[in-house]
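S.K.: Below is the file coords.txt, which contains compact mmCIF, C-alpha atoms and all ligand atoms.
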# COMPACT_ATOMS: atom_id res chain seq x y z
CA MET A 153 0.00 0.00 0.00
CA PRO A 154 1.54 3.37 -0.97
CA CYS A 155 2.02 6.02 1.71
CA SER A 156 -0.63 8.73 1.81
CA PRO A 157 0.52 12.29 0.91
CA GLU A 158 0.61 13.00 4.64
CA PHE A 159 3.72 10.77 4.79
CA GLN A 160 5.62 12.05 1.76
CA LEU A 161 8.70 13.08 3.58
CA ASP A 162 10.73 15.83 1.95
CA HIS A 163 12.81 18.07 4.20
CA ALA A 164 9.96 20.42 5.08
CA GLY A 165 7.65 17.46 5.72
CA LEU A 166 10.18 15.94 8.10
CA VAL A 167 10.62 19.17 10.04
CA ALA A 168 6.84 19.49 10.33
CA TRP A 169 6.51 15.93 11.65
CA LEU A 170 9.36 16.42 14.11
CA ARG A 171 7.62 19.51 15.51
CA GLU A 172 4.16 17.95 15.45
CA GLU A 173 2.40 17.89 18.81
CA ASP A 174 -1.16 16.99 17.92
CA PRO A 175 -1.86 13.61 19.58
CA GLY A 176 -4.12 12.46 16.72
CA ALA A 177 -1.49 13.20 14.09
CA LEU A 178 1.22 11.50 16.17
CA ALA A 179 -0.97 8.43 16.60
CA ARG A 180 -1.34 8.27 12.78
CA LEU A 181 2.43 8.57 12.36
CA GLY A 182 3.04 5.77 14.88
CA ALA A 183 0.41 3.53 13.26
CA GLU A 184 1.85 4.10 9.78
CA ALA A 185 5.38 3.26 11.01
CA ASP A 186 3.99 0.13 12.69
CA ARG A 187 2.26 -0.89 9.46
CA VAL A 188 5.39 -0.36 7.35
CA ARG A 189 7.45 -2.30 9.91
CA ARG A 190 5.03 -5.24 9.77
CA GLU A 191 4.88 -5.19 5.97
CA HIS A 192 8.66 -5.05 5.45
CA VAL A 193 10.30 -6.84 8.37
CA GLY A 194 7.42 -8.69 10.01
CA ASP A 195 6.34 -9.17 13.61
CA ALA A 196 9.34 -11.09 14.92
CA VAL A 197 11.79 -9.11 17.04
CA HIS A 198 15.53 -9.83 16.67
CA LEU A 199 17.49 -10.03 19.90
CA ARG A 200 21.17 -9.11 19.68
CA GLY A 201 23.40 -9.95 22.64
CA LEU A 202 25.54 -6.94 23.52
CA VAL A 203 29.03 -7.49 24.94
CA GLU A 204 30.76 -4.37 26.24
CA VAL A 205 34.28 -5.54 25.50
CA SER A 206 36.33 -2.55 26.66
CA SER A 207 35.74 0.72 28.48
CA HIS A 208 39.11 2.12 27.41
CA CYS A 209 38.87 4.94 24.87
CA VAL A 210 41.33 7.30 23.21
CA ARG A 211 38.66 9.80 22.14
CA SER A 212 37.30 12.78 24.03
CA CYS A 213 33.71 13.05 22.72
CA LEU A 214 32.14 15.79 24.80
CA TYR A 215 29.01 13.78 25.70
CA CYS A 216 30.43 10.37 26.56
CA GLY A 217 31.12 9.13 30.09
CA LEU A 218 34.00 6.94 28.85
CA ARG A 219 35.96 9.82 27.27
CA ALA A 220 39.74 9.61 27.57
CA PRO A 221 40.25 12.61 29.91
CA GLU A 222 38.14 10.86 32.55
CA GLU A 223 40.95 9.64 34.81
CA ASP A 224 39.03 8.26 37.77
CA LEU A 225 37.28 5.48 35.86
CA ASP A 226 37.94 1.88 36.78
CA ARG A 227 38.49 0.78 33.18
CA TYR A 228 38.53 -2.80 31.94
CA ARG A 229 39.16 -4.82 28.82
CA LEU A 230 37.68 -8.32 28.62
CA GLU A 231 39.92 -11.29 27.87
CA ALA A 232 39.29 -13.29 24.70
CA GLU A 233 37.89 -16.20 26.76
CA GLU A 234 35.50 -13.85 28.55
CA ILE A 235 34.18 -12.44 25.27
CA LEU A 236 33.79 -15.93 23.88
CA ALA A 237 31.89 -17.02 26.99
CA CYS A 238 29.51 -14.05 26.56
CA ALA A 239 28.96 -14.99 22.90
CA CYS A 240 28.24 -18.60 23.85
CA SER A 241 25.76 -17.44 26.47
CA ALA A 242 24.07 -15.24 23.82
CA ALA A 243 23.77 -18.30 21.58
CA ALA A 244 22.45 -20.42 24.46
CA LEU A 245 19.85 -17.75 25.22
CA GLY A 246 18.60 -18.10 21.65
CA TYR A 247 19.97 -14.83 20.25
CA GLY A 248 21.07 -14.77 16.61
CA THR A 249 23.72 -12.05 16.80
CA VAL A 250 26.44 -10.95 19.16
CA VAL A 251 27.47 -7.28 19.16
CA LEU A 252 31.01 -6.52 20.32
CA GLN A 253 30.96 -2.90 21.46
CA GLY A 254 33.71 -0.90 23.08
CA GLY A 255 35.46 2.42 23.31
CA GLU A 256 37.97 3.28 20.61
CA ASP A 257 40.67 1.19 22.23
CA PRO A 258 44.00 0.43 20.50
CA GLY A 259 44.43 -2.29 23.14
CA LEU A 260 41.80 -4.17 21.14
CA THR A 261 44.36 -4.97 18.48
CA ARG A 262 43.65 -6.12 14.95
CA ASP A 263 44.84 -9.66 15.72
CA PHE A 264 43.05 -9.90 19.06
CA ILE A 265 39.64 -8.97 17.60
CA ALA A 266 40.22 -11.12 14.49
CA GLU A 267 40.97 -14.12 16.71
CA VAL A 268 37.89 -13.49 18.85
CA ILE A 269 35.68 -13.24 15.74
CA GLY A 270 37.20 -16.46 14.36
CA ALA A 271 36.57 -18.31 17.62
CA ILE A 272 32.95 -17.09 17.81
CA LYS A 273 32.39 -18.19 14.22
CA ARG A 274 33.91 -21.60 14.85
CA GLN A 275 31.96 -22.25 18.03
CA THR A 276 28.55 -20.69 17.29
CA ARG A 277 26.28 -19.81 14.37
CA LEU A 278 25.99 -16.21 15.53
CA ALA A 279 26.23 -13.22 13.24
CA VAL A 280 28.94 -10.87 14.55
CA THR A 281 28.40 -7.12 14.71
CA LEU A 282 31.26 -4.82 15.66
CA SER A 283 30.95 -1.38 17.23
CA LEU A 284 34.51 -0.36 18.04
CA GLY A 285 34.70 3.21 16.80
CA GLU A 286 36.88 4.66 14.07
CA ARG A 287 39.52 2.18 13.00
CA ASP A 288 42.03 1.77 10.17
CA ASP A 289 40.84 0.13 6.99
CA GLU A 290 43.41 -2.64 7.56
CA ASP A 291 41.72 -3.50 10.86
CA LEU A 292 38.24 -3.41 9.32
CA LEU A 293 39.33 -5.60 6.41
CA ALA A 294 41.03 -8.13 8.68
CA TRP A 295 37.90 -8.36 10.83
CA ARG A 296 35.69 -8.78 7.80
CA GLU A 297 37.95 -11.56 6.57
CA ALA A 298 37.78 -13.16 10.02
CA GLY A 299 33.99 -13.31 9.59
CA ALA A 300 32.50 -10.08 11.01
CA ASP A 301 29.12 -9.39 9.38
CA ARG A 302 28.09 -5.89 10.44
CA TYR A 303 29.49 -2.64 11.84
CA LEU A 304 27.76 0.05 13.88
CA LEU A 305 29.11 3.59 13.85
CA ARG A 306 26.77 6.46 14.59
CA PHE A 307 27.52 9.68 12.70
CA GLU A 308 25.81 11.54 15.59
CA THR A 309 24.93 14.70 13.65
CA ALA A 310 24.86 15.89 10.06
CA ASP A 311 25.83 19.40 11.24
CA ARG A 312 29.54 19.47 10.45
CA ALA A 313 30.36 22.37 12.75
CA LEU A 314 28.54 20.74 15.66
CA TYR A 315 30.19 17.40 14.82
CA ARG A 316 33.64 18.97 15.03
CA ARG A 317 32.85 20.77 18.29
CA VAL A 318 31.73 17.64 20.11
CA HIS A 319 34.26 15.22 18.55
CA PRO A 320 37.77 16.59 19.00
CA SER A 321 40.03 14.97 16.40
CA LEU A 322 43.00 12.89 17.45
CA PRO A 323 46.34 14.55 16.64
CA GLY A 324 47.09 14.08 12.97
CA ARG A 325 43.88 12.20 12.25
CA LEU A 326 40.67 13.83 11.19
CA SER A 327 37.52 12.16 12.44
CA ASP A 328 35.54 10.92 9.40
CA ARG A 329 32.75 8.56 10.33
CA LEU A 330 30.80 8.98 7.09
CA GLY A 331 33.88 8.03 5.08
CA GLN A 332 34.35 4.94 7.24
CA LEU A 333 30.70 3.93 6.81
CA ARG A 334 31.05 4.05 3.02
CA ARG A 335 34.27 2.02 3.13
CA LEU A 336 32.65 -0.55 5.44
CA ARG A 337 29.87 -0.98 2.93
CA ASP A 338 32.42 -1.51 0.14
CA MET A 339 34.12 -4.16 2.27
CA GLY A 340 30.84 -6.08 2.40
CA TYR A 341 29.73 -5.21 5.91
CA GLU A 342 26.12 -4.42 6.70
CA ILE A 343 26.29 -0.93 8.14
CA GLY A 344 24.43 0.73 10.97
CA SER A 345 24.46 4.32 12.08
CA GLY A 346 22.32 6.85 13.88
CA VAL A 347 22.26 9.92 16.06
CA MET A 348 21.40 11.00 19.59
CA ILE A 349 18.18 12.93 19.98
CA GLY A 350 18.47 16.25 21.79
CA LEU A 351 22.23 16.65 21.67
CA PRO A 352 22.91 20.27 22.75
CA GLY A 353 23.10 22.27 19.53
CA GLN A 354 20.90 19.87 17.53
CA THR A 355 18.15 21.82 15.74
CA TRP A 356 14.95 20.57 14.10
CA ASP A 357 16.47 21.37 10.76
CA THR A 358 19.61 19.34 11.49
CA LEU A 359 17.59 16.40 12.73
CA ALA A 360 15.57 16.38 9.49
CA THR A 361 18.88 16.31 7.59
CA ASP A 362 20.06 13.43 9.82
CA LEU A 363 16.94 11.49 8.88
CA ARG A 364 17.44 12.11 5.18
CA ARG A 365 21.02 10.93 5.56
CA PHE A 366 19.83 7.59 7.00
CA ARG A 367 18.09 7.02 3.71
CA GLU A 368 20.89 8.39 1.51
CA LEU A 369 23.36 6.03 3.19
CA ASP A 370 20.93 3.15 2.60
CA LEU A 371 21.58 2.03 6.16
CA ASP A 372 20.99 -1.59 7.10
CA MET A 373 20.53 -0.58 10.74
CA VAL A 374 19.36 2.71 12.23
CA GLY A 375 19.84 3.34 15.96
CA VAL A 376 18.58 6.43 17.73
CA GLY A 377 18.27 7.21 21.42
CA PRO A 378 17.87 10.27 23.61
CA PHE A 379 20.98 12.20 24.67
CA LEU A 380 21.38 11.50 28.40
CA PRO A 381 23.64 14.01 30.18
CA SER A 382 26.60 12.34 31.83
CA PRO A 383 27.56 14.65 34.72
CA ARG A 384 31.33 14.18 34.42
CA THR A 385 31.38 15.32 30.79
CA PRO A 386 31.50 18.83 29.27
CA LEU A 387 27.96 18.39 27.90
CA GLY A 388 26.66 16.95 31.17
CA GLY A 389 26.92 20.10 33.26
CA PRO A 390 26.35 23.85 32.99
CA GLY A 391 28.88 23.96 30.14
CA ALA A 392 26.19 22.47 27.91
CA LEU A 393 24.34 25.81 27.97
CA ALA A 394 26.94 27.30 25.65
CA PHE A 395 26.10 24.62 23.07
CA LEU A 396 22.32 24.91 23.13
CA ALA A 397 20.55 26.28 20.07
CA PRO A 398 17.96 29.02 20.67
CA PRO A 399 14.97 27.48 22.51
CA ALA A 400 12.69 27.57 19.46
CA LEU A 401 15.24 25.56 17.47
CA GLN A 402 16.83 23.21 20.03
CA VAL A 403 15.57 19.60 19.87
CA PRO A 404 14.62 18.27 23.34
CA ASN A 405 16.16 15.00 24.58
CA ASP A 406 12.81 13.50 25.48
CA GLU A 407 10.82 10.38 24.76
CA PRO A 408 8.14 11.81 22.44
CA THR A 409 10.79 13.28 20.14
CA THR A 410 12.80 10.04 20.14
CA LEU A 411 9.67 8.08 19.24
CA LYS A 412 8.92 10.44 16.35
CA VAL A 413 12.44 9.84 15.02
CA VAL A 414 12.03 6.05 15.34
CA ALA A 415 8.79 6.23 13.36
CA LEU A 416 10.20 8.53 10.68
CA SER A 417 13.30 6.31 10.36
CA ARG A 418 11.02 3.37 9.62
CA LEU A 419 9.12 5.30 6.95
CA LEU A 420 12.37 6.44 5.32
CA CYS A 421 14.18 3.08 5.64
CA PRO A 422 11.36 0.52 5.42
CA ASP A 423 13.48 -2.63 5.52
CA ALA A 424 16.20 -1.51 7.93
CA ASN A 425 16.71 -3.14 11.30
CA ILE A 426 15.79 -0.56 13.93
CA PRO A 427 16.44 -1.18 17.63
CA ALA A 428 14.46 0.00 20.61
CA THR A 429 17.57 1.39 22.31
CA THR A 430 18.83 1.06 25.87
CA ALA A 431 19.02 4.85 26.13
CA LEU A 432 15.27 5.06 25.52
CA ALA A 433 14.67 2.26 28.05
CA THR A 434 16.79 4.26 30.50
CA LEU A 435 14.59 7.32 30.04
CA ASP A 436 11.38 5.27 30.42
CA ARG A 437 12.03 1.93 32.11
CA ASP A 438 8.41 0.83 32.03
CA GLN A 439 7.44 1.50 28.46
CA GLY A 440 10.36 2.95 26.46
CA ARG A 441 11.20 -0.20 24.54
CA GLU A 442 7.56 -1.18 24.05
CA LEU A 443 6.59 2.22 22.65
CA ALA A 444 9.48 2.10 20.16
CA LEU A 445 8.55 -1.45 19.12
CA GLN A 446 5.02 -0.22 18.43
CA ARG A 447 6.27 2.68 16.30
CA GLY A 448 8.68 1.05 13.87
CA ALA A 449 11.39 -0.73 15.89
CA ASN A 450 12.04 -4.47 15.36
CA VAL A 451 15.24 -5.15 17.33
CA VAL A 452 16.30 -5.17 20.99
CA MET A 453 19.89 -5.48 22.17
CA PRO A 454 19.92 -7.14 25.59
CA ASN A 455 23.18 -6.92 27.49
CA VAL A 456 25.16 -10.15 27.93
CA THR A 457 28.22 -8.52 29.53
CA PRO A 458 28.98 -10.10 32.92
CA PRO A 459 27.19 -7.91 35.51
CA ALA A 460 30.49 -7.18 37.30
CA PHE A 461 31.66 -5.20 34.26
CA ARG A 462 28.39 -3.61 33.19
CA ALA A 463 28.41 -0.91 35.84
CA ARG A 464 31.91 0.06 34.71
CA TYR A 465 30.73 0.76 31.14
CA GLU A 466 29.00 3.98 32.07
CA ILE A 467 28.47 5.98 28.88
CA TYR A 468 25.66 7.76 30.76
CA PRO A 469 24.34 7.20 34.28
CA GLY A 470 21.43 5.00 35.29
CA LYS A 471 21.65 2.66 32.30
CA ALA A 472 18.71 0.22 32.21
CA CYS A 473 19.36 -3.40 33.25
CA VAL A 474 22.80 -2.73 34.77
CA GLY A 475 22.20 -5.08 37.71
CA GLU A 476 20.44 -7.83 35.77
CA THR A 477 21.82 -11.15 34.59
CA ALA A 478 21.62 -12.07 30.91
CA GLU A 479 19.01 -14.71 31.73
CA ALA A 480 16.84 -12.20 33.62
CA CYS A 481 16.89 -9.81 30.64
CA ARG A 482 16.00 -12.60 28.22
CA ASP A 483 13.04 -13.69 30.35
CA CYS A 484 11.95 -10.10 30.96
CA LEU A 485 12.10 -9.29 27.24
CA ALA A 486 10.31 -12.48 26.22
CA GLY A 487 7.47 -11.51 28.58
CA ARG A 488 7.35 -7.96 27.28
CA LEU A 489 7.25 -9.13 23.67
CA ARG A 490 4.47 -11.58 24.50
CA THR A 491 2.42 -8.74 25.96
CA LEU A 492 2.87 -6.84 22.69
CA GLY A 493 1.82 -9.88 20.64
CA ARG A 494 5.28 -10.08 19.07
CA SER A 495 7.49 -13.14 18.76
CA VAL A 496 11.25 -13.62 19.14
CA ALA A 497 12.93 -13.94 15.74
CA LYS A 498 15.11 -16.93 14.92
CA GLY A 499 18.39 -16.79 13.05
CA PRO A 500 20.90 -13.99 12.44
CA GLY A 501 18.35 -11.50 11.11
CA GLY A 502 20.57 -9.45 8.82
CA ARG A 503 18.87 -7.05 6.46
CA LEU A 504 20.10 -8.87 3.38
CA SER A 505 19.01 -12.33 4.52
CA THR A 506 15.59 -10.92 5.43
CA LEU A 507 15.27 -9.30 2.01
CA ARG A 508 16.28 -12.54 0.31
CA GLN A 509 13.77 -14.48 2.36
CA GLU A 510 11.06 -11.98 1.40
CA MET A 511 11.92 -12.33 -2.28
CA SER A 512 11.78 -16.12 -2.18
CA LEU A 513 8.48 -15.94 -0.30
CA SER A 514 6.97 -13.70 -2.93
CA ALA A 515 8.47 -15.63 -5.89
CA PRO A 516 5.87 -17.57 -7.91
CA HIS A 517 5.73 -21.32 -7.30
CA ARG A 518 7.03 -23.45 -10.12
N1 LIG B 1 23.65 9.83 26.06
C1 LIG B 1 23.08 9.02 25.15
N2 LIG B 1 23.76 8.30 24.26
C2 LIG B 1 25.10 8.39 24.31
N3 LIG B 1 26.04 7.80 23.54
C3 LIG B 1 27.25 8.22 23.98
N4 LIG B 1 27.11 9.07 25.02
C4 LIG B 1 25.79 9.20 25.23
C5 LIG B 1 25.00 9.95 26.14
N5 LIG B 1 25.56 10.75 27.05
C6 LIG B 1 25.73 6.96 22.39
C7 LIG B 1 26.44 7.49 21.16
C8 LIG B 1 27.34 6.35 20.77
C9 LIG B 1 26.64 5.17 21.36
C10 LIG B 1 27.50 3.97 21.57
O1 LIG B 1 26.16 5.65 22.59
O2 LIG B 1 25.50 7.73 20.12
O3 LIG B 1 27.51 6.24 19.38
FE1 LIG B 2 16.83 -6.34 31.18
FE2 LIG B 2 14.06 -6.24 31.38
S1 LIG B 2 15.34 -6.30 29.62
S2 LIG B 2 15.57 -6.55 32.94
For this file, produce the structure as structure tokens.
Ligand code: 5AD
Ligand code: FES
M.R.:
Amino acid sequence: MPCSPEFQLDHAGLVAWLREEDPGALARLGAEADRVRREHVGDAVHLRGLVEVSSHCVRSCLYCGLRAPEEDLDRYRLEAEEILACACSAAALGYGTVVLQGGEDPGLTRDFIAEVIGAIKRQTRLAVTLSLGERDDEDLLAWREAGADRYLLRFETADRALYRRVHPSLPGRLSDRLGQLRRLRDMGYEIGSGVMIGLPGQTWDTLATDLRRFRELDLDMVGVGPFLPSPRTPLGGPGALAFLAPPALQVPNDEPTTLKVVALSRLLCPDANIPATTALATLDRDQGRELALQRGANVVMPNVTPPAFRARYEIYPGKACVGETAEACRDCLAGRLRTLGRSVAKGPGGRLSTLRQEMSLSAPHR
């Protein structure tokens, strides 16, 4: 069914939807996103086991609680055996993908990560997603050859001046996440990206451009969550005031706005995998994930990091599920999905395999 003219989303249309406050109109937007989600990726929800492999980071992103200048953190880097054990527990819990996420940590060497990927691939049937920041092409190629399937790297904002202000470059190396995303695609990775909602300095206009970029990049995965101030960071205290756009233009870091962006992402990228993010669950523990799943999302990324390390991976404070075991999260999520009338998906659930499946389902019988 084609979208009605109400959902033809040029730049002005996107800005209007982002600023929309009428409950009836927002209910129509959510219902349309839910319909498109069902039509393109179905009712099953993919669960991806998240392993927070290292809290070391060389970068100084102004919003992130793990930024390098933070000296008092009790940082850790998991051993290969520990990562493998997390992956095996993700497989045992019935998840189809393991996501290895960490700070930009040179201690996670090319060979170390390649060996970990190889071991996961030998011992499980999991798809492997990496989220390890900006890395050299040689690293990315080696990891792809070792079997990595997907890479997540949020571009955070399409506003280049704001991007530069909040992401200080490393000496002698310009930060270029869009370039890396394109190269990852050429290497055969599925690529995921996204932005925070309500980053100080983010305007409605910029956010509409972010959304259009999701489509231009033909993203396989789109992740968005609210900006959550981390008190230790430059954007977590009064210093953030200097970054804010004028009140009429500044995007708020709230749940309604995040949900609008989830829904619009689904309309713009109908067959992408879109998670209900932990940041949204942190903002609204009761209903955050459910509301996103009812407005376009089709993925959840439960944490499988050993609880002893989870609290030490504090990108922002109060992260949902920090004290829970992997089994507790699986059972909790299964119950929540049941309440929504949604099932747990089987298999790796990549965008390409889903598309292929769809094509073979719709192919005429011979
Ligand atoms: N609030 C919300 N999300 C954050 N991230 C980093 N810091 C914060 C914060 N303070 C997000 C970034 C990053 C992802 C791993 O976590 O978008 O890409
Ligand atoms: Fe972790 Fe509910 S998903 S406790």
S.K.: Go through A:Ala239, A:Leu181, A:Ala244, A:Met373 one by one, measure the shortest atom-to-atom distance of each to A:Cys421 using all atoms listed in the file, and give the residue with the smallest value.
M.R.: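 Of the candidates, the smallest distance to A:Cys421 is held by A:Met373.
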S.K.: What does the structure give for the distance between atom CA of A:Ser207 and atom CA of A:Val451, in Å to one decimal?
M.R.: 24.1 Å
S.K.: I'd like the interatomic distance between atom CA of A:His192 and atom CA of A:Met339, to a tenth of an Å.
M.R.: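 Between atom CA of A:His192 and atom CA of A:Met339 the gap is 25.7 Å.
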S.K.: Around ligand LIG 1 (chain B), at most 8 Å away and counting only C-alpha atoms and all ligand atoms, which residues are there? Put them as a short mmCIF file (atom, residue, chain, number, x, y, z; two decimals) with C-alpha atoms, keeping the file's coordinate frame, please.
M.R.:
data_model
loop_
_atom_site.label_atom_id
_atom_site.label_comp_id
_atom_site.auth_asym_id
_atom_site.auth_seq_id
_atom_site.Cartn_x
_atom_site.Cartn_y
_atom_site.Cartn_z
CA TYR A 215 29.01 13.78 25.70
CA CYS A 216 30.43 10.37 26.56
CA GLY A 217 31.12 9.13 30.09
CA GLN A 253 30.96 -2.90 21.46
CA SER A 283 30.95 -1.38 17.23
CA LEU A 305 29.11 3.59 13.85
CA ARG A 306 26.77 6.46 14.59
CA PHE A 307 27.52 9.68 12.70
CA GLU A 308 25.81 11.54 15.59
CA GLY A 346 22.32 6.85 13.88
CA VAL A 347 22.26 9.92 16.06
CA MET A 348 21.40 11.00 19.59
CA VAL A 376 18.58 6.43 17.73
CA GLY A 377 18.27 7.21 21.42
CA PRO A 378 17.87 10.27 23.61
CA PHE A 379 20.98 12.20 24.67
CA LEU A 380 21.38 11.50 28.40
CA PRO A 381 23.64 14.01 30.18
CA SER A 382 26.60 12.34 31.83
CA GLY A 388 26.66 16.95 31.17
CA ALA A 431 19.02 4.85 26.13
CA ILE A 467 28.47 5.98 28.88
CA TYR A 468 25.66 7.76 30.76
#
S.K.: Give me the residues within 10 Å of A:Arg364 as a ChimeraX atom specification, counting all atoms listed in the file and dropping any in the same chain fewer than 2 places off.
M.R.: /A:161-163,166,310,358-362,366-370,416-417,420-421
S.K.: Show me which residues are within 12 Å of ligand LIG 2 (chain B) counting all atoms listed in the file, and format the list as a short mmCIF file (atom, residue, chain, number, x, y, z; two decimals) with C-alpha atoms, in the frame of the given file.
M.R.:
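Wrote part.cif, looks like this:
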data_model
loop_
_atom_site.label_atom_id
_atom_site.label_comp_id
_atom_site.auth_asym_id
_atom_site.auth_seq_id
_atom_site.Cartn_x
_atom_site.Cartn_y
_atom_site.Cartn_z
CA LEU A 199 17.49 -10.03 19.90
CA ARG A 200 21.17 -9.11 19.68
CA GLY A 201 23.40 -9.95 22.64
CA LEU A 202 25.54 -6.94 23.52
CA ALA A 428 14.46 0.00 20.61
CA THR A 429 17.57 1.39 22.31
CA THR A 430 18.83 1.06 25.87
CA ALA A 433 14.67 2.26 28.05
CA THR A 434 16.79 4.26 30.50
CA ASP A 436 11.38 5.27 30.42
CA ARG A 437 12.03 1.93 32.11
CA ASP A 438 8.41 0.83 32.03
CA GLN A 439 7.44 1.50 28.46
CA GLY A 440 10.36 2.95 26.46
CA ARG A 441 11.20 -0.20 24.54
CA GLU A 442 7.56 -1.18 24.05
CA VAL A 452 16.30 -5.17 20.99
CA MET A 453 19.89 -5.48 22.17
CA PRO A 454 19.92 -7.14 25.59
CA ASN A 455 23.18 -6.92 27.49
CA VAL A 456 25.16 -10.15 27.93
CA THR A 457 28.22 -8.52 29.53
CA PRO A 459 27.19 -7.91 35.51
CA LYS A 471 21.65 2.66 32.30
CA ALA A 472 18.71 0.22 32.21
CA CYS A 473 19.36 -3.40 33.25
CA VAL A 474 22.80 -2.73 34.77
CA GLY A 475 22.20 -5.08 37.71
CA GLU A 476 20.44 -7.83 35.77
CA THR A 477 21.82 -11.15 34.59
CA ALA A 478 21.62 -12.07 30.91
CA GLU A 479 19.01 -14.71 31.73
CA ALA A 480 16.84 -12.20 33.62
CA CYS A 481 16.89 -9.81 30.64
CA ARG A 482 16.00 -12.60 28.22
CA ASP A 483 13.04 -13.69 30.35
CA CYS A 484 11.95 -10.10 30.96
CA LEU A 485 12.10 -9.29 27.24
CA ALA A 486 10.31 -12.48 26.22
CA GLY A 487 7.47 -11.51 28.58
CA ARG A 488 7.35 -7.96 27.28
CA LEU A 489 7.25 -9.13 23.67
#
S.K.: Residues near A:Glu297, anyone? I mean within 12 Å using all atoms listed in the file, not counting same-chain ones fewer than 6 positions away, as a list in words.
M.R.: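 Answer for this query is Arg262, Asp263, Ile265, Ala266, Glu267, Ile269, Gly270, Lys273, Glu290, Asp291, Met339, Gly340 and Tyr341 of chain A.
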S.K.: Those same residues, written as an mmCIF file, in the frame of the given file with C-alpha atoms?
M.R.:
data_model
loop_
_atom_site.group_PDB
_atom_site.id
_atom_site.type_symbol
_atom_site.label_atom_id
_atom_site.label_comp_id
_atom_site.auth_asym_id
_atom_site.auth_seq_id
_atom_site.Cartn_x
_atom_site.Cartn_y
_atom_site.Cartn_z
ATOM 1 C CA ARG A 262 43.650 -6.120 14.950
ATOM 2 C CA ASP A 263 44.840 -9.660 15.720
ATOM 3 C CA ILE A 265 39.640 -8.970 17.600
ATOM 4 C CA ALA A 266 40.220 -11.120 14.490
ATOM 5 C CA GLU A 267 40.970 -14.120 16.710
ATOM 6 C CA ILE A 269 35.680 -13.240 15.740
ATOM 7 C CA GLY A 270 37.200 -16.460 14.360
ATOM 8 C CA LYS A 273 32.390 -18.190 14.220
ATOM 9 C CA GLU A 290 43.410 -2.640 7.560
ATOM 10 C CA ASP A 291 41.720 -3.500 10.860
ATOM 11 C CA MET A 339 34.120 -4.160 2.270
ATOM 12 C CA GLY A 340 30.840 -6.080 2.400
ATOM 13 C CA TYR A 341 29.730 -5.210 5.910
#
S.K.: What's the 12 Å shell around A:Glu231, counting all atoms listed in the file, without same-chain residues fewer than 3 positions away, as an MDAnalysis selection string?
M.R.: chainID A and resid 203:206 228 234:238 259:260 264:265 267:268
S.K.: Show me, as a ChimeraX atom specification, the residues that have an atom within 12 Å of A:Leu445 when counting all atoms listed in the file, minus same-chain residues fewer than 2 positions from it.
M.R.: /A:182-183,185-187,189-190,194-198,411,414-415,418,425-429,432-433,439-443,447-452,485,488-489,491-495
S.K.: Any chance you could export the current selection's C-alpha atoms as a short mmCIF file (atom, residue, chain, number, x, y, z; two decimals), keeping the file's coordinate frame?
M.R.:
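Produced file out_23.cif, reproduced below:
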data_model
loop_
_atom_site.label_atom_id
_atom_site.label_comp_id
_atom_site.auth_asym_id
_atom_site.auth_seq_id
_atom_site.Cartn_x
_atom_site.Cartn_y
_atom_site.Cartn_z
CA GLY A 182 3.04 5.77 14.88
CA ALA A 183 0.41 3.53 13.26
CA ALA A 185 5.38 3.26 11.01
CA ASP A 186 3.99 0.13 12.69
CA ARG A 187 2.26 -0.89 9.46
CA ARG A 189 7.45 -2.30 9.91
CA ARG A 190 5.03 -5.24 9.77
CA GLY A 194 7.42 -8.69 10.01
CA ASP A 195 6.34 -9.17 13.61
CA ALA A 196 9.34 -11.09 14.92
CA VAL A 197 11.79 -9.11 17.04
CA HIS A 198 15.53 -9.83 16.67
CA LEU A 411 9.67 8.08 19.24
CA VAL A 414 12.03 6.05 15.34
CA ALA A 415 8.79 6.23 13.36
CA ARG A 418 11.02 3.37 9.62
CA ASN A 425 16.71 -3.14 11.30
CA ILE A 426 15.79 -0.56 13.93
CA PRO A 427 16.44 -1.18 17.63
CA ALA A 428 14.46 0.00 20.61
CA THR A 429 17.57 1.39 22.31
CA LEU A 432 15.27 5.06 25.52
CA ALA A 433 14.67 2.26 28.05
CA GLN A 439 7.44 1.50 28.46
CA GLY A 440 10.36 2.95 26.46
CA ARG A 441 11.20 -0.20 24.54
CA GLU A 442 7.56 -1.18 24.05
CA LEU A 443 6.59 2.22 22.65
CA ARG A 447 6.27 2.68 16.30
CA GLY A 448 8.68 1.05 13.87
CA ALA A 449 11.39 -0.73 15.89
CA ASN A 450 12.04 -4.47 15.36
CA VAL A 451 15.24 -5.15 17.33
CA VAL A 452 16.30 -5.17 20.99
CA LEU A 485 12.10 -9.29 27.24
CA ARG A 488 7.35 -7.96 27.28
CA LEU A 489 7.25 -9.13 23.67
CA THR A 491 2.42 -8.74 25.96
CA LEU A 492 2.87 -6.84 22.69
CA GLY A 493 1.82 -9.88 20.64
CA ARG A 494 5.28 -10.08 19.07
CA SER A 495 7.49 -13.14 18.76
#
S.K.: Would you be able to write out as a compact mmCIF listing (two decimals) with C-alpha atoms, in the frame of the given file which residues have an atom within 6 Å of (31.0, -4.4, 19.2) in the file's coordinates, counting all atoms listed in the file?
M.R.:
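Once written, out.txt looks like this:
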# COMPACT_ATOMS: atom_id res chain seq x y z
CA VAL A 251 27.47 -7.28 19.16
CA LEU A 252 31.01 -6.52 20.32
CA GLN A 253 30.96 -2.90 21.46
CA GLY A 254 33.71 -0.90 23.08
CA THR A 281 28.40 -7.12 14.71
CA LEU A 282 31.26 -4.82 15.66
CA SER A 283 30.95 -1.38 17.23
CA LEU A 284 34.51 -0.36 18.04
S.K.: Interatomic distance between atom CA of A:Arg334 and atom CA of A:Gly285?
M.R.: 14.3 Å
